[in-house]
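*Asks:* File target.tsv below, TSV, N, CA and C atoms:
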```
chain	number	residue	atom	x	y	z
A	1	MET	N	-106.96	-25.46	97.55
A	1	MET	CA	-106.12	-25.32	96.38
A	1	MET	C	-104.77	-24.71	96.78
A	2	LYS	N	-104.84	-23.74	97.67
A	2	LYS	CA	-103.63	-23.08	98.13
A	2	LYS	C	-102.71	-24.06	98.86
A	3	LYS	N	-103.30	-24.95	99.67
A	3	LYS	CA	-102.53	-25.95	100.42
A	3	LYS	C	-101.86	-26.94	99.47
A	4	ILE	N	-102.56	-27.34	98.42
A	4	ILE	CA	-101.99	-28.27	97.45
A	4	ILE	C	-100.80	-27.63	96.74
A	5	PHE	N	-100.92	-26.37	96.36
A	5	PHE	CA	-99.82	-25.65	95.72
A	5	PHE	C	-98.61	-25.57	96.65
A	6	LEU	N	-98.85	-25.18	97.91
A	6	LEU	CA	-97.75	-25.07	98.87
A	6	LEU	C	-97.10	-26.43	99.13
A	7	ALA	N	-97.90	-27.48	99.21
A	7	ALA	CA	-97.35	-28.83	99.41
A	7	ALA	C	-96.48	-29.23	98.22
A	8	GLY	N	-96.94	-28.94	97.02
A	8	GLY	CA	-96.16	-29.25	95.82
A	8	GLY	C	-94.87	-28.46	95.77
A	9	LEU	N	-94.94	-27.19	96.14
A	9	LEU	CA	-93.75	-26.35	96.17
A	9	LEU	C	-92.75	-26.87	97.18
A	10	CYS	N	-93.22	-27.20	98.37
A	10	CYS	CA	-92.32	-27.75	99.41
A	10	CYS	C	-91.69	-29.05	98.97
A	11	LEU	N	-92.47	-29.90	98.32
A	11	LEU	CA	-91.96	-31.18	97.85
A	11	LEU	C	-90.88	-30.98	96.79
A	12	SER	N	-91.10	-30.06	95.85
A	12	SER	CA	-90.10	-29.84	94.80
A	12	SER	C	-88.83	-29.21	95.37
A	13	LEU	N	-88.97	-28.29	96.32
A	13	LEU	CA	-87.79	-27.68	96.94
A	13	LEU	C	-87.04	-28.69	97.78
A	14	SER	N	-87.75	-29.55	98.50
A	14	SER	CA	-87.07	-30.54	99.33
A	14	SER	C	-86.38	-31.58	98.47
A	15	SER	N	-86.95	-31.94	97.31
A	15	SER	CA	-86.28	-32.91	96.45
A	15	SER	C	-85.02	-32.31	95.87
A	16	TRP	N	-85.01	-31.00	95.56
A	16	TRP	CA	-83.79	-30.35	95.09
A	16	TRP	C	-82.75	-30.35	96.19
A	17	ALA	N	-83.17	-30.02	97.40
A	17	ALA	CA	-82.23	-29.96	98.52
A	17	ALA	C	-81.66	-31.34	98.83
A	18	CYS	N	-82.43	-32.40	98.61
A	18	CYS	CA	-81.98	-33.75	98.90
A	18	CYS	C	-81.14	-34.33	97.77
A	19	ALA	N	-81.24	-33.77	96.57
A	19	ALA	CA	-80.47	-34.29	95.45
A	19	ALA	C	-78.99	-34.13	95.75
A	20	GLY	N	-78.22	-35.15	95.43
A	20	GLY	CA	-76.79	-35.09	95.64
A	20	GLY	C	-76.13	-34.20	94.61
A	21	ALA	N	-74.87	-33.86	94.85
A	21	ALA	CA	-74.13	-33.00	93.94
A	21	ALA	C	-74.01	-33.65	92.56
A	22	LYS	N	-73.67	-34.93	92.52
A	22	LYS	CA	-73.54	-35.64	91.25
A	22	LYS	C	-74.84	-35.56	90.46
A	23	GLU	N	-75.93	-35.90	91.10
A	23	GLU	CA	-77.24	-35.88	90.46
A	23	GLU	C	-77.60	-34.48	89.97
A	24	SER	N	-77.17	-33.45	90.70
A	24	SER	CA	-77.49	-32.07	90.34
A	24	SER	C	-76.67	-31.57	89.16
A	25	LEU	N	-75.51	-32.18	88.89
A	25	LEU	CA	-74.63	-31.73	87.80
A	25	LEU	C	-74.87	-32.48	86.49
A	26	ILE	N	-75.32	-33.72	86.58
A	26	ILE	CA	-75.50	-34.53	85.37
A	26	ILE	C	-76.53	-33.87	84.45
A	27	GLY	N	-76.15	-33.73	83.18
A	27	GLY	CA	-77.02	-33.13	82.18
A	27	GLY	C	-77.04	-31.62	82.21
A	28	LYS	N	-76.16	-31.00	82.97
A	28	LYS	CA	-76.16	-29.54	83.12
A	28	LYS	C	-74.98	-28.88	82.41
A	29	ARG	N	-75.17	-27.62	82.06
A	29	ARG	CA	-74.13	-26.76	81.48
A	29	ARG	C	-73.78	-25.72	82.52
A	30	LEU	N	-72.50	-25.56	82.83
A	30	LEU	CA	-72.02	-24.60	83.81
A	30	LEU	C	-71.19	-23.53	83.11
A	31	VAL	N	-71.49	-22.27	83.38
A	31	VAL	CA	-70.73	-21.15	82.81
A	31	VAL	C	-70.07	-20.40	83.96
A	32	MET	N	-68.78	-20.12	83.79
A	32	MET	CA	-68.00	-19.49	84.86
A	32	MET	C	-68.57	-18.14	85.27
A	33	ASP	N	-68.49	-17.87	86.56
A	33	ASP	CA	-68.96	-16.61	87.14
A	33	ASP	C	-67.84	-15.58	87.06
A	34	ILE	N	-67.57	-15.14	85.84
A	34	ILE	CA	-66.56	-14.11	85.58
A	34	ILE	C	-67.22	-13.09	84.65
A	35	PRO	N	-67.10	-11.79	84.96
A	35	PRO	CA	-67.74	-10.78	84.11
A	35	PRO	C	-67.38	-10.97	82.63
A	36	GLU	N	-68.36	-10.82	81.78
A	36	GLU	CA	-68.24	-10.88	80.32
A	36	GLU	C	-67.92	-12.27	79.77
A	37	VAL	N	-67.97	-13.29	80.59
A	37	VAL	CA	-67.76	-14.64	80.10
A	37	VAL	C	-69.08	-15.14	79.52
A	38	GLN	N	-69.03	-15.65	78.31
A	38	GLN	CA	-70.22	-16.14	77.62
A	38	GLN	C	-70.30	-17.66	77.58
A	39	CYS	N	-69.13	-18.34	77.46
A	39	CYS	CA	-69.21	-19.78	77.26
A	39	CYS	C	-68.18	-20.60	78.05
A	40	ALA	N	-67.20	-20.00	78.66
A	40	ALA	CA	-66.19	-20.76	79.39
A	40	ALA	C	-66.84	-21.53	80.53
A	41	GLY	N	-66.56	-22.81	80.60
A	41	GLY	CA	-67.14	-23.61	81.66
A	41	GLY	C	-67.14	-25.09	81.31
A	42	LEU	N	-68.08	-25.79	81.88
A	42	LEU	CA	-68.18	-27.24	81.75
A	42	LEU	C	-69.60	-27.64	81.38
A	43	SER	N	-69.72	-28.77	80.70
A	43	SER	CA	-71.04	-29.36	80.51
A	43	SER	C	-70.93	-30.85	80.79
A	44	PHE	N	-71.97	-31.38	81.41
A	44	PHE	CA	-72.02	-32.80	81.77
A	44	PHE	C	-73.13	-33.46	80.96
A	45	SER	N	-72.83	-34.60	80.37
A	45	SER	CA	-73.83	-35.32	79.60
A	45	SER	C	-74.86	-35.94	80.53
A	46	LYS	N	-75.98	-36.32	79.96
A	46	LYS	CA	-77.04	-36.95	80.74
A	46	LYS	C	-76.67	-38.36	81.18
A	47	ASN	N	-75.66	-38.98	80.50
A	47	ASN	CA	-75.26	-40.33	80.89
A	47	ASN	C	-74.34	-40.34	82.12
A	48	GLY	N	-73.86	-39.16	82.55
A	48	GLY	CA	-73.01	-39.06	83.74
A	48	GLY	C	-71.58	-39.51	83.53
A	49	LYS	N	-71.23	-39.91	82.30
A	49	LYS	CA	-69.90	-40.43	82.02
A	49	LYS	C	-69.07	-39.53	81.12
A	50	ASP	N	-69.70	-38.59	80.45
A	50	ASP	CA	-69.01	-37.71	79.51
A	50	ASP	C	-69.22	-36.25	79.90
A	51	ALA	N	-68.24	-35.43	79.51
A	51	ALA	CA	-68.32	-34.00	79.80
A	51	ALA	C	-67.56	-33.26	78.70
A	52	ALA	N	-67.61	-31.95	78.76
A	52	ALA	CA	-66.85	-31.11	77.84
A	52	ALA	C	-66.41	-29.87	78.60
A	53	MET	N	-65.23	-29.36	78.23
A	53	MET	CA	-64.70	-28.14	78.83
A	53	MET	C	-64.64	-27.09	77.72
A	54	TYR	N	-65.23	-25.94	78.01
A	54	TYR	CA	-65.27	-24.85	77.05
A	54	TYR	C	-64.35	-23.72	77.51
A	55	ALA	N	-63.55	-23.21	76.59
A	55	ALA	CA	-62.73	-22.03	76.85
A	55	ALA	C	-63.43	-20.84	76.22
A	56	GLU	N	-63.14	-19.65	76.71
A	56	GLU	CA	-63.80	-18.46	76.17
A	56	GLU	C	-63.30	-18.16	74.76
A	57	LEU	N	-62.02	-18.36	74.53
A	57	LEU	CA	-61.44	-18.06	73.22
A	57	LEU	C	-61.16	-19.34	72.46
A	58	GLY	N	-61.65	-19.43	71.26
A	58	GLY	CA	-61.29	-20.52	70.37
A	58	GLY	C	-62.04	-21.82	70.58
A	59	GLN	N	-62.47	-22.15	71.79
A	59	GLN	CA	-63.09	-23.44	72.01
A	59	GLN	C	-64.58	-23.36	72.31
A	60	CYS	N	-65.18	-22.19	72.16
A	60	CYS	CA	-66.62	-22.11	72.41
A	60	CYS	C	-67.38	-23.06	71.49
A	61	GLN	N	-66.92	-23.17	70.27
A	61	GLN	CA	-67.56	-24.06	69.31
A	61	GLN	C	-66.85	-25.41	69.24
A	62	ASP	N	-65.68	-25.52	69.85
A	62	ASP	CA	-64.87	-26.74	69.77
A	62	ASP	C	-64.39	-27.13	71.17
A	63	PRO	N	-65.29	-27.64	72.01
A	63	PRO	CA	-64.91	-27.94	73.39
A	63	PRO	C	-63.98	-29.16	73.49
A	64	MET	N	-63.28	-29.25	74.61
A	64	MET	CA	-62.42	-30.40	74.89
A	64	MET	C	-63.31	-31.53	75.41
A	65	PRO	N	-63.37	-32.66	74.69
A	65	PRO	CA	-64.16	-33.78	75.18
A	65	PRO	C	-63.46	-34.49	76.35
A	66	LEU	N	-64.23	-34.81	77.35
A	66	LEU	CA	-63.70	-35.40	78.58
A	66	LEU	C	-64.52	-36.60	79.00
A	67	ARG	N	-63.87	-37.45	79.76
A	67	ARG	CA	-64.55	-38.57	80.42
A	67	ARG	C	-64.67	-38.18	81.89
A	68	VAL	N	-65.78	-38.52	82.53
A	68	VAL	CA	-65.99	-38.19	83.94
A	68	VAL	C	-65.83	-39.46	84.76
A	69	ARG	N	-65.06	-39.37	85.81
A	69	ARG	CA	-64.97	-40.46	86.79
A	69	ARG	C	-65.36	-39.89	88.14
A	70	TRP	N	-66.48	-40.34	88.66
A	70	TRP	CA	-66.96	-39.88	89.96
A	70	TRP	C	-66.29	-40.70	91.05
A	71	LEU	N	-65.62	-40.03	91.99
A	71	LEU	CA	-64.98	-40.71	93.11
A	71	LEU	C	-65.94	-40.88	94.27
A	72	ASP	N	-66.81	-39.90	94.45
A	72	ASP	CA	-67.91	-39.96	95.41
A	72	ASP	C	-68.94	-38.95	94.94
A	73	ASP	N	-69.94	-38.65	95.75
A	73	ASP	CA	-71.01	-37.77	95.31
A	73	ASP	C	-70.54	-36.34	95.02
A	74	LYS	N	-69.44	-35.91	95.64
A	74	LYS	CA	-68.98	-34.53	95.47
A	74	LYS	C	-67.62	-34.39	94.80
A	75	THR	N	-66.98	-35.50	94.45
A	75	THR	CA	-65.62	-35.43	93.92
A	75	THR	C	-65.56	-36.18	92.59
A	76	PHE	N	-64.97	-35.52	91.58
A	76	PHE	CA	-64.88	-36.16	90.27
A	76	PHE	C	-63.60	-35.74	89.55
A	77	ILE	N	-63.20	-36.58	88.61
A	77	ILE	CA	-62.04	-36.30	87.76
A	77	ILE	C	-62.56	-36.18	86.33
A	78	LEU	N	-62.11	-35.14	85.64
A	78	LEU	CA	-62.37	-35.00	84.21
A	78	LEU	C	-61.09	-35.40	83.49
A	79	ILE	N	-61.19	-36.35	82.57
A	79	ILE	CA	-60.03	-36.91	81.90
A	79	ILE	C	-60.16	-36.68	80.39
A	80	GLU	N	-59.13	-36.10	79.82
A	80	GLU	CA	-59.11	-35.79	78.39
A	80	GLU	C	-59.32	-37.07	77.57
A	81	LYS	N	-60.20	-36.99	76.56
A	81	LYS	CA	-60.50	-38.15	75.72
A	81	LYS	C	-59.60	-38.25	74.48
A	82	VAL	N	-59.19	-37.12	73.93
A	82	VAL	CA	-58.45	-37.11	72.68
A	82	VAL	C	-56.95	-37.22	72.96
A	83	ARG	N	-56.32	-38.24	72.41
A	83	ARG	CA	-54.88	-38.44	72.60
A	83	ARG	C	-54.13	-37.46	71.68
A	84	LEU	N	-53.33	-36.55	72.28
A	84	LEU	CA	-52.61	-35.55	71.51
A	84	LEU	C	-51.30	-36.10	70.94
A	85	ASN	N	-50.69	-37.04	71.65
A	85	ASN	CA	-49.48	-37.68	71.15
A	85	ASN	C	-49.33	-39.05	71.81
A	86	GLU	N	-48.36	-39.81	71.39
A	86	GLU	CA	-48.20	-41.18	71.87
A	86	GLU	C	-47.48	-41.29	73.21
A	87	THR	N	-46.85	-40.22	73.69
A	87	THR	CA	-46.04	-40.33	74.91
A	87	THR	C	-46.65	-39.68	76.14
A	88	SER	N	-47.47	-38.68	75.95
A	88	SER	CA	-48.03	-37.96	77.10
A	88	SER	C	-49.32	-38.61	77.59
A	89	PRO	N	-49.49	-38.66	78.90
A	89	PRO	CA	-50.77	-39.15	79.43
A	89	PRO	C	-51.86	-38.11	79.21
A	90	PRO	N	-53.11	-38.49	79.34
A	90	PRO	CA	-54.18	-37.50	79.17
A	90	PRO	C	-54.16	-36.47	80.30
A	91	ARG	N	-54.55	-35.26	79.98
A	91	ARG	CA	-54.71	-34.25	81.03
A	91	ARG	C	-55.89	-34.65	81.89
A	92	SER	N	-55.79	-34.36	83.16
A	92	SER	CA	-56.90	-34.65	84.07
A	92	SER	C	-57.10	-33.48	85.00
A	93	PHE	N	-58.34	-33.30	85.43
A	93	PHE	CA	-58.74	-32.18	86.28
A	93	PHE	C	-59.56	-32.76	87.42
A	94	LEU	N	-59.11	-32.53	88.65
A	94	LEU	CA	-59.77	-33.07	89.84
A	94	LEU	C	-60.58	-31.96	90.51
A	95	TYR	N	-61.88	-32.21	90.72
A	95	TYR	CA	-62.77	-31.22	91.30
A	95	TYR	C	-63.51	-31.79	92.51
A	96	LYS	N	-63.82	-30.89	93.43
A	96	LYS	CA	-64.69	-31.22	94.57
A	96	LYS	C	-65.75	-30.12	94.65
A	97	VAL	N	-67.00	-30.52	94.77
A	97	VAL	CA	-68.09	-29.55	94.89
A	97	VAL	C	-68.02	-28.93	96.29
A	98	LYS	N	-67.85	-27.62	96.32
A	98	LYS	CA	-67.78	-26.90	97.59
A	98	LYS	C	-69.18	-26.53	98.07
A	99	SER	N	-70.01	-26.02	97.15
A	99	SER	CA	-71.39	-25.68	97.49
A	99	SER	C	-72.22	-25.72	96.22
A	100	ILE	N	-73.52	-25.92	96.41
A	100	ILE	CA	-74.40	-26.01	95.24
A	100	ILE	C	-75.81	-25.61	95.66
A	101	ASN	N	-76.49	-24.87	94.76
A	101	ASN	CA	-77.92	-24.62	94.91
A	101	ASN	C	-78.54	-24.69	93.52
A	102	GLN	N	-79.77	-24.32	93.36
A	102	GLN	CA	-80.44	-24.53	92.08
A	102	GLN	C	-79.93	-23.63	90.96
A	103	ASP	N	-79.19	-22.54	91.27
A	103	ASP	CA	-78.70	-21.61	90.25
A	103	ASP	C	-77.19	-21.56	90.13
A	104	TYR	N	-76.47	-22.04	91.15
A	104	TYR	CA	-75.04	-21.73	91.24
A	104	TYR	C	-74.30	-22.89	91.92
A	105	VAL	N	-73.07	-23.12	91.47
A	105	VAL	CA	-72.23	-24.15	92.09
A	105	VAL	C	-70.81	-23.60	92.23
A	106	GLN	N	-70.16	-23.95	93.31
A	106	GLN	CA	-68.75	-23.64	93.49
A	106	GLN	C	-67.98	-24.94	93.45
A	107	LEU	N	-66.98	-25.00	92.56
A	107	LEU	CA	-66.13	-26.17	92.43
A	107	LEU	C	-64.71	-25.81	92.83
A	108	THR	N	-64.10	-26.62	93.66
A	108	THR	CA	-62.69	-26.45	93.98
A	108	THR	C	-61.91	-27.36	93.06
A	109	GLU	N	-61.03	-26.75	92.27
A	109	GLU	CA	-60.15	-27.52	91.40
A	109	GLU	C	-58.89	-27.85	92.20
A	110	ILE	N	-58.69	-29.12	92.46
A	110	ILE	CA	-57.56	-29.56	93.28
A	110	ILE	C	-56.35	-29.71	92.36
A	111	TRP	N	-55.29	-29.00	92.70
A	111	TRP	CA	-54.09	-28.98	91.87
A	111	TRP	C	-53.44	-30.36	91.82
A	112	THR	N	-53.21	-30.85	90.61
A	112	THR	CA	-52.57	-32.17	90.43
A	112	THR	C	-51.32	-32.08	89.58
A	113	GLY	N	-50.92	-30.86	89.22
A	113	GLY	CA	-49.77	-30.70	88.33
A	113	GLY	C	-48.45	-30.62	89.09
A	114	TRP	N	-47.40	-30.31	88.35
A	114	TRP	CA	-46.07	-30.16	88.94
A	114	TRP	C	-46.04	-28.92	89.81
A	115	GLY	N	-45.18	-28.92	90.81
A	115	GLY	CA	-45.01	-27.75	91.66
A	115	GLY	C	-46.03	-27.70	92.79
A	116	ASP	N	-46.02	-26.59	93.48
A	116	ASP	CA	-46.84	-26.43	94.68
A	116	ASP	C	-47.93	-25.37	94.50
A	117	SER	N	-48.64	-25.41	93.41
A	117	SER	CA	-49.72	-24.44	93.22
A	117	SER	C	-50.86	-24.74	94.18
A	118	LYS	N	-51.60	-23.69	94.50
A	118	LYS	CA	-52.74	-23.84	95.40
A	118	LYS	C	-53.97	-24.28	94.63
A	119	ASP	N	-54.89	-24.89	95.35
A	119	ASP	CA	-56.19	-25.24	94.78
A	119	ASP	C	-56.96	-23.95	94.51
A	120	ASP	N	-57.81	-23.96	93.50
A	120	ASP	CA	-58.62	-22.80	93.14
A	120	ASP	C	-60.10	-23.16	93.27
A	121	THR	N	-60.89	-22.22	93.76
A	121	THR	CA	-62.34	-22.40	93.80
A	121	THR	C	-62.95	-21.44	92.79
A	122	TRP	N	-63.80	-22.00	91.92
A	122	TRP	CA	-64.45	-21.24	90.86
A	122	TRP	C	-65.95	-21.35	91.01
A	123	GLY	N	-66.64	-20.25	90.69
A	123	GLY	CA	-68.10	-20.25	90.71
A	123	GLY	C	-68.65	-20.41	89.31
A	124	TYR	N	-69.77	-21.11	89.18
A	124	TYR	CA	-70.43	-21.36	87.91
A	124	TYR	C	-71.93	-21.17	88.05
A	125	TYR	N	-72.53	-20.59	87.02
A	125	TYR	CA	-73.99	-20.51	86.94
A	125	TYR	C	-74.48	-21.67	86.08
A	126	PHE	N	-75.65	-22.21	86.44
A	126	PHE	CA	-76.28	-23.23	85.60
A	126	PHE	C	-76.92	-22.54	84.42
A	127	ARG	N	-76.71	-23.07	83.23
A	127	ARG	CA	-77.36	-22.53	82.02
A	127	ARG	C	-78.05	-23.63	81.28
```
Would you encode the structure as structure tokens?

*Replies:*
Amino acid sequence: MKKIFLAGLCLSLSSWACAGAKESLIGKRLVMDIPEVQCAGLSFSKNGKDAAMYAELGQCQDPMPLRVRWLDDKTFILIEKVRLNETSPPRSFLYKVKSINQDYVQLTEIWTGWGDSKDDTWGYYFR
């Protein structure tokens, strides 16, 4: 009985380790690793094509709806779904998964805006 339990445990841990970053994020809610943050972060739908961005103030109940475009297993773009005006393009956010385990993920947000800002790496807990 003990051997069966250990074999099952090893199998489940190895399947998590073998899961790709994309597969590990789909259907998950990520909350930023910042003290006293309750809801700021991202959520990915189970269909792998939709997401939402939550801000700590004002948008906890009203997240920004986004479309997800996966470039590869670790790189994705979040694209704003709601058109704010007729002249501006949608906001987009480019991310690369830096590291991931069963409880925590680090995403590097690659700067795509005007100027020479640096890329930022943020930590998120799975909720």

*Asks:* Take atom N of Ala40 in chain A and CA of Trp114 in chain A and report the distance between them in Å, one decimal.

*Replies:*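 Interatomic distance here is 25.6 Å.
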
*Asks:* Between atom C of Gln38 in chain A and atom N of Lys81 in chain A, what is the distance in Å, rounded to a tenth?

*Replies:* 21.8 Å

*Asks:* How far is it from CA of Lys96 in chain A to atom C of Pro35 in chain A, in Å with one decimal?

*Replies:*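 Straight-line distance from CA of Lys96 in chain A to atom C of Pro35 in chain A works out to 23.7 Å.
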
*Asks:* Based on DSSP run over this structure's backbone, return all residues of chain A in strand (DSSP E or B), as JSON, numbers by chain.

*Replies:* {"A": [29, 30, 31, 32, 41, 42, 43, 44, 50, 51, 52, 53, 54, 64, 65, 66, 67, 68, 69, 70, 75, 76, 77, 78, 79, 80, 92, 93, 94, 95, 96, 97, 98, 99, 100, 104, 105, 106, 107, 108, 109, 110, 120, 121, 122, 123, 124, 125, 126]}

*Asks:* Which of these residues is nearest to Pro63 in chain A, using only C-alpha atoms: A:Ser88, A:Ser117, A:Ser24, A:Ser43?

*Replies:* A:Ser43

*Asks:* Just the residues within 8 Å of range 26-32 of chain A, please, counting only N, CA and C atoms, with nothing from its chain fewer than 6 positions along; format it as a tab-separated table (two decimals) with N, CA and C atoms, in the coordinates of the input.

*Replies:*
```tsv
chain	number	residue	atom	x	y	z
A	38	GLN	N	-69.03	-15.65	78.31
A	38	GLN	CA	-70.22	-16.14	77.62
A	38	GLN	C	-70.30	-17.66	77.58
A	39	CYS	N	-69.13	-18.34	77.46
A	39	CYS	CA	-69.21	-19.78	77.26
A	39	CYS	C	-68.18	-20.60	78.05
A	40	ALA	N	-67.20	-20.00	78.66
A	40	ALA	CA	-66.19	-20.76	79.39
A	40	ALA	C	-66.84	-21.53	80.53
A	41	GLY	N	-66.56	-22.81	80.60
A	41	GLY	CA	-67.14	-23.61	81.66
A	41	GLY	C	-67.14	-25.09	81.31
A	42	LEU	N	-68.08	-25.79	81.88
A	42	LEU	CA	-68.18	-27.24	81.75
A	42	LEU	C	-69.60	-27.64	81.38
A	43	SER	N	-69.72	-28.77	80.70
A	43	SER	CA	-71.04	-29.36	80.51
A	43	SER	C	-70.93	-30.85	80.79
A	44	PHE	N	-71.97	-31.38	81.41
A	44	PHE	CA	-72.02	-32.80	81.77
A	44	PHE	C	-73.13	-33.46	80.96
A	45	SER	N	-72.83	-34.60	80.37
A	45	SER	CA	-73.83	-35.32	79.60
A	45	SER	C	-74.86	-35.94	80.53
A	46	LYS	N	-75.98	-36.32	79.96
A	46	LYS	CA	-77.04	-36.95	80.74
A	46	LYS	C	-76.67	-38.36	81.18
A	47	ASN	N	-75.66	-38.98	80.50
A	47	ASN	CA	-75.26	-40.33	80.89
A	47	ASN	C	-74.34	-40.34	82.12
A	48	GLY	N	-73.86	-39.16	82.55
A	48	GLY	CA	-73.01	-39.06	83.74
A	48	GLY	C	-71.58	-39.51	83.53
A	49	LYS	N	-71.23	-39.91	82.30
A	49	LYS	CA	-69.90	-40.43	82.02
A	49	LYS	C	-69.07	-39.53	81.12
A	105	VAL	N	-73.07	-23.12	91.47
A	105	VAL	CA	-72.23	-24.15	92.09
A	105	VAL	C	-70.81	-23.60	92.23
A	122	TRP	N	-63.80	-22.00	91.92
A	122	TRP	CA	-64.45	-21.24	90.86
A	122	TRP	C	-65.95	-21.35	91.01
A	123	GLY	N	-66.64	-20.25	90.69
A	123	GLY	CA	-68.10	-20.25	90.71
A	123	GLY	C	-68.65	-20.41	89.31
A	124	TYR	N	-69.77	-21.11	89.18
A	124	TYR	CA	-70.43	-21.36	87.91
A	124	TYR	C	-71.93	-21.17	88.05
A	125	TYR	N	-72.53	-20.59	87.02
A	125	TYR	CA	-73.99	-20.51	86.94
A	125	TYR	C	-74.48	-21.67	86.08
A	126	PHE	N	-75.65	-22.21	86.44
A	126	PHE	CA	-76.28	-23.23	85.60
A	126	PHE	C	-76.92	-22.54	84.42
A	127	ARG	N	-76.71	-23.07	83.23
A	127	ARG	CA	-77.36	-22.53	82.02
A	127	ARG	C	-78.05	-23.63	81.28
```

*Asks:* Counting only N, CA and C atoms, which residues of range 84-118 of chain A fall within 8 Å of range 64-74 of chain A, and what is the closest atom pair for each with its distance in Å at one decimal, ordered by chain and rising number, as CSV?

*Replies:*
```
residue,atom,partner,partner_atom,distance
A:Tyr95,C,A:Lys74,C,5.4
A:Lys96,CA,A:Lys74,C,4.3
A:Val97,N,A:Lys74,C,3.9
A:Lys98,N,A:Lys74,C,6.9
```

*Asks:* Choose the residue, out of A:Thr108, A:Leu78, A:Asp103, A:Ala19, that has the smallest atom-to-atom separation from Pro90 in chain A; count all atoms listed in the file.

*Replies:* A:Leu78

*Asks:* When distances are computed from only C-alpha atoms, which of A:Ile79, A:Leu84, A:Ala55, A:Leu107 shows the smallest separation from Val37 in chain A?

*Replies:*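 With only C-alpha atoms as the atom set, the closest residue is A:Ala55.
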
*Asks:* Tell me which of A:Thr121, A:Thr87, A:Gln61, A:Thr75 sits closest to Gln106 in chain A, counting only C-alpha atoms.

*Replies:* A:Thr121

*Asks:* Would you compute the box with edges along x, y and z of the file around range 89-97 of chain A, including every atom the file lists for it and 8 Å extra on each side, and give its centre and edge lengths in Å to one decimal, as lines of an AutoDock Vina configuration file?

*Replies:*
```
center_x = -58.8
center_y = -34.0
center_z = 87.6
size_x = 34.6
size_y = 26.2
size_z = 33.4
```

*Asks:* Give the answer as one residue: which of A:Ile34, A:Ala21, A:Ala52, A:Gly113 has the shortest atom-to-atom distance to Ser99 in chain A, using all atoms listed in the file?

*Replies:* A:Ala21

*Asks:* Enumerate as a list in words all residues of range 8-126 of chain A assigned to helix (DSSP H, G or I) by DSSP on the backbone, naming them with the chain letters and numbers the document uses.

*Replies:* Gly8, Leu9, Cys10, Leu11, Ser12, Leu13, Ser14, Ser15, Trp16, Ala17, Cys18, Ala21, Lys22, Glu23, Ser24 and Leu25 of chain A

*Asks:* My list of candidates is A:Tyr104, A:Phe93, A:Trp111, A:Tyr54. Which is closest to Glu80 in chain A when distances are computed with all atoms listed in the file?

*Replies:*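 Among the listed residues, A:Phe93 lies closest to Glu80 in chain A.
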